[in-house]
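K.L.:
The structure follows.
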Amino acid sequence: MIVVGAGPGGSCTAFHLARHGMRVLLLEKSEFPREKVCGDGLTPRAVKQLVKMGIDTSEKTGWLRNKGLRVIGGGVRMELDWPDLASYPDYGLTRTRLDFDQLLAERAVEAGAELTVNTTVTGGIRDDSGRVVGVTATGPDGAPVEYRAPLVVAADGVSGRFPLSLGLTKRRDRPIGVAVRQYYTSETRHDDEYLESWLELKSKQGGDKLLPGYGWIFGLGDGRVNVGLGVLNSSVAFGKTDYRAMLADWLSTTPDEWGMNDPANADGKVQGAALPMGFNRVPHYTRGVLLVGDCGGMVNPFNGEGIAYAMESGELAAEFVVQALTRPTALSRERTLAGYSTELKARYGGYYRLGTWFVKAIGHPQVMRVATRHGMPHPVLMRFMIKLLANLTDPRGGDAMDRIINALVRVAPAV
């Protein structure tokens with residue numbers, strides 16, 4: 001097996017394939033450690049996947065645990081603990097991507113995968129029927145190289161250069177976001193017990209002027225915070241705004257003791273990335289290639305979370321690959337592999353449809369203003385919303401909120 005990309009999705013795929021005894025080659029275009037643009041916050045969904053991989057998530061190994069989400073908006077500041085569920089842990093984590101991805105890649109290697117870095121995949125090798133049977137790449141020495149395998153997993157992130165080389169382009173009718181983030185030293189905020197989400201962003205111009213989008217402040221426990229903002233393509237400001245300047249504008253309104261309104265406390269440059277949401281590249285299986293994570297548009301439209309879904313889809317892809325390769329005929333193998341797309345749609349299709357509607361609604365500032373002013377003061381409603389936005393429910397035996405959310409997901413037409 002070949003896995004293209006050693007981010008969370010690729011490394012998780014490689015880990016589970018290797019754990020099942022398969023030979024796996026994990027190809028990464030850069031080398032570790034390497035920085036990636038991310039909020040660095042992990043919900044209990046992602047924590048569950050880390051635990052499955054046997055990764056120690058204790059604070060002594062460099063993780064900072066959080067109890068839940070602090071939401072700020074509509075003049076209200078509310079702390080919401082992660083729900084107590086049978087299906088997921090009751091804590092989240094933060095850790096920078098500088099070494100997070102490396103930890104996952106090393107875990108895949110420990111399980112038996114072979115990791116090759118500084119190798120840029122340039123395209124697919126196809127047989128006479130058009131099926132992908134390997135990849136072409138530029139190796140660490142700059143020379144062209146070929147690798148062959150019965151199946152290839154594409155986990156090369158937002159750009160999706162490998163699936164793009166096969167003609168798998170992005171769908172324009174699905175939501176997408178742009179996020180920018182920067183690290184700041186902050187002695188007062190770095191060890192926060194909650195992830196912090198800002199539903200309204202004030203401008204230094206004062207008055208009632210609100211900046212488009214949403215913001216976050218995530219403590220990293222090492223003297224720094226990850227602070228950033230995101231704008232969705234349902235907003236009129238999408239693609240027409242200097243996001244870096246907007247981040248500076250918002251941070252200029254934060255308290256002096258936080259240290260984020262002083263550029264001297266910045267650690268590194270402002271960096272940005274796209275957030276591909278709601279299955280914006282399909283099909284997720286075709287002609288010997290499975291798409292995992294961001295390159296398959298699996299970011300949650302409700303909250304911009306991508307790591308959990310990259311890891312979950314990686315585990316799922318590994319299960320279908322293992323099952324398919326035991327089938328005796330090409331036809332039965334293809335039938336099994338096609339089930340990967342079907343299962344993804346069954347798991348996330350309805351939920352992502354709800355998220356797509358949500359994105360369209362909050363793209364209008366007046367809708368967001370009404371929602372925050374009238375929704376934020378009600379703790380029961382906000383506890384419902386944290387379950388919905390973070391996709392955290394028990395599928396069976398849950399409370400009334402779980403049953404309502406699960407019912408909504410079931411009746412929503414899948415994307």
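In the structure tokens, chains take letters A, B, ... by order of appearance, with residues numbered from 1 within each chain and ligands from 1 in the order shown.
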Can you list every residue in region 156-275 of chain A that DSSP puts in strand (DSSP E or B), as a PyMOL selection string?
P.N.:
chain A and resi 176-185+194-198+201-202+210-211+214-219+224-232+266-275
K.L.:
What are the closest atom pairs, with distances in Å to one decimal, for each residue of region 195-309 of chain A lying within 10 Å of region 377-400 of chain A, using only C-alpha atoms, rows by chain and rising residue number, as CSV?
P.N.:
```
residue,atom,partner,partner_atom,distance
A:Asn300,CA,A:Ala390,CA,8.3
A:Pro301,CA,A:Leu389,CA,8.6
A:Phe302,CA,A:Leu389,CA,5.1
A:Asn303,CA,A:Leu389,CA,6.0
A:Gly304,CA,A:Ala390,CA,9.5
A:Glu305,CA,A:Ala390,CA,8.2
```
K.L.:
Just checking: using only C-alpha atoms, which residue out of A:Lys202, A:Lys36, A:Arg126, A:Arg287 ends up closest to Arg97 (chain A)?
P.N.:
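Nearest candidate to Arg97 (chain A) out of A:Lys202, A:Lys36, A:Arg126, A:Arg287: A:Lys36.
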K.L.:
Can you tell me, as a ChimeraX atom specification, what residues are no more than 6 Å from Leu98 (chain A) when counting only C-alpha atoms, ignoring any on the same chain fewer than 3 positions away?
P.N.:
/A:33-35
K.L.:
How many Å lie between CA of Leu325 (chain A) and CA of Thr136 (chain A), rounded to one decimal?
P.N.:
22.7 Å
K.L.:
Any idea what's packed within 9 Å of Thr96 (chain A), counting only C-alpha atoms, ignoring anything in its chain fewer than 5 positions away? Could you give it as an mmCIF file with N, CA and C atoms, in the first residue's frame?
P.N.:
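The file below, part_30.cif, is the result:
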```cif
data_model
loop_
_atom_site.group_PDB
_atom_site.id
_atom_site.type_symbol
_atom_site.label_atom_id
_atom_site.label_comp_id
_atom_site.auth_asym_id
_atom_site.auth_seq_id
_atom_site.Cartn_x
_atom_site.Cartn_y
_atom_site.Cartn_z
ATOM 1 N N GLU A 35 6.240 22.837 10.387
ATOM 2 C CA GLU A 35 5.108 23.640 10.836
ATOM 3 C C GLU A 35 3.953 23.508 9.852
ATOM 4 N N LYS A 36 2.743 23.527 10.386
ATOM 5 C CA LYS A 36 1.533 23.536 9.561
ATOM 6 C C LYS A 36 0.546 24.540 10.136
ATOM 7 N N CYS A 38 -2.732 25.698 11.518
ATOM 8 C CA CYS A 38 -3.796 24.979 12.220
ATOM 9 C C CYS A 38 -4.138 25.757 13.479
ATOM 10 N N GLY A 39 -5.316 25.494 14.020
ATOM 11 C CA GLY A 39 -5.667 26.091 15.295
ATOM 12 C C GLY A 39 -5.026 25.383 16.477
ATOM 13 N N ASP A 40 -4.513 24.171 16.238
ATOM 14 C CA ASP A 40 -3.829 23.369 17.262
ATOM 15 C C ASP A 40 -4.740 22.886 18.378
ATOM 16 N N GLY A 41 -6.050 23.017 18.208
ATOM 17 C CA GLY A 41 -6.984 22.537 19.212
ATOM 18 C C GLY A 41 -7.643 21.246 18.770
ATOM 19 N N ASP A 101 2.204 16.113 14.118
ATOM 20 C CA ASP A 101 2.223 15.218 12.966
ATOM 21 C C ASP A 101 3.381 14.224 13.053
ATOM 22 N N LEU A 220 -1.566 26.943 24.684
ATOM 23 C CA LEU A 220 -0.720 25.799 24.327
ATOM 24 C C LEU A 220 0.073 25.254 25.512
ATOM 25 N N ASN A 226 -2.310 30.102 20.545
ATOM 26 C CA ASN A 226 -2.615 30.119 19.115
ATOM 27 C C ASN A 226 -3.869 30.959 18.967
#
```
K.L.:
Go through A:Gln323, A:Ser341, A:Met260, A:Glu200 and flag the residue nearest Val367 (chain A), using only C-alpha atoms for the distances.
P.N.:
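Counting only C-alpha atoms, the residue closest to Val367 (chain A) is A:Glu200.
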K.L.:
Give the answer as one residue: which of A:Gly272, A:Pro89, A:Pro212, A:Gly375 has the shortest atom-to-atom distance to Ile72 (chain A), using only C-alpha atoms?
P.N.:
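Of A:Gly272, A:Pro89, A:Pro212, A:Gly375, the one nearest Ile72 (chain A) is A:Gly375, counting only C-alpha atoms.
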K.L.:
Between A:Val152, A:Leu195, A:Leu164, A:Leu27, which is the closest to Ala318 (chain A) once you count only C-alpha atoms?
P.N.:
A:Val152
